[in-house]
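Shown next, in structure tokens, is the structure this report addresses.
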Amino acid sequence: MNFTRYVVVLCYKMKWESRKPKRVGNNYNNKYHFMKAFLPTICLMFLTIFSSQAQTNAPAANANPFPSISTLTSWASLNSQQQFDVAIRAVGFKFEVKEPGEGSTAYTYIRKVTVNDVNYTDRIVYRITNNNSASIISLVTASTDLVSLYTPQLASFKNNNCKTEMSKDKNTTCSCYESANFAIDLCDERVKLTMGDGNKYFVSVAKK
């Protein structure tokens, strides 16, 4: 039985007790009238306290966490699909497909999320060179504004002019960053959806 229901039952019982035949005696009558006068206030106070506690202890709404820039750079430094597989599954992504290519192999993982009753698919690609010399993490989603999420985390990176193909698209706005060890592209792409216009966000973290 939860706290709120318990308090409601208790108050109902107290109210019922107050309706029973009263014993004779001024002292008892004084206590009775006092209890009767303050019964609604007491019940309201208990309900407020326990309702507040229930809200505090209630589970938080389903979050839609994305790895930080620090985590993405750490993953890009692994140069190991096996290690990356363990790390990415810990945040809800599942392996989908392996695509061998010339000089590198791409491993794609997906994660289904629901935000405000809308279903989305997050996709992250881990591309590693065949000689394990470098790797790239690419994350694509429409569920969360990655530009707002990641831009503050890139304050210590140098902002460069973008030269990628994606940045040349008139419907895409990109910001490109660089540090001594990593090149990071952060893009906001305007896409045409079945129900209207929308945004798709893209971040790429490449180890130099």
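Within each chain, counting starts at residue 1; across the structure tokens, chains are named A, B, ... in the order shown, with ligands numbered 1 upward in that order.
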
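Using only C-alpha atoms, the contacts of Asn161 of chain A at a cut-off of 12 Å, with sequence neighbours closer than 6 positions omitted, comprise Ser167, Lys168, Thr173, Cys174, Ser175, Cys176, Tyr177, Glu178, Ala183, Ile184, Asp185 and Leu186 of chain A.
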
key: Surrounding residues of Ala106 of chain A excluding itself and chain neighbours under 4 positions, 8 Å, only C-alpha atoms, as a ChimeraX atom specification   = /A:98-101,125-128

request  = Please provide the set of residues having any atom within 7 Å of Tyr109 of chain A, restricted to only C-alpha atoms, with same-chain residues fewer than 6 positions apart removed, written as a PyMOL selection string.
outcome  = chain A and resi 93-96+123-125

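Of the residues under consideration (A:Ser179, A:Thr105, A:Ser80, A:Ser204), A:Ser179 shows the shortest atom-to-atom contact distance to Ala155 of chain A when counting only C-alpha atoms.
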
message = Would you pick out the contacts of Leu146 of chain A at 12 Å or less, using only C-alpha atoms, so that residues sharing its chain but fewer than 4 positions from it are not included, and give the list as a ChimeraX atom specification?
response = /A:64-69,122,139-142,150-154,174-175,185-189,199-204

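A straight line drawn from atom CA of Thr114 of chain A to atom CA of Ser143 of chain A is 8.1 Å long.
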
query = What residues in segment 65-195 of chain A get the DSSP label strand (DSSP E or B)? Please answer as a ChimeraX atom specification.
reply = /A:94-100,104-115,118-129,135-141,158-160,172-178,182-193

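Remark: for Gln81 of chain A, the closest of the candidate residues A:Thr129, A:Thr121, A:Asn116, A:Thr172 is A:Thr129 (distances computed over only C-alpha atoms).
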
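For the atom pair formed by atom CA of Lys207 of chain A and atom CA of Trp75 of chain A, the distance is 9.6 Å, given to one decimal.
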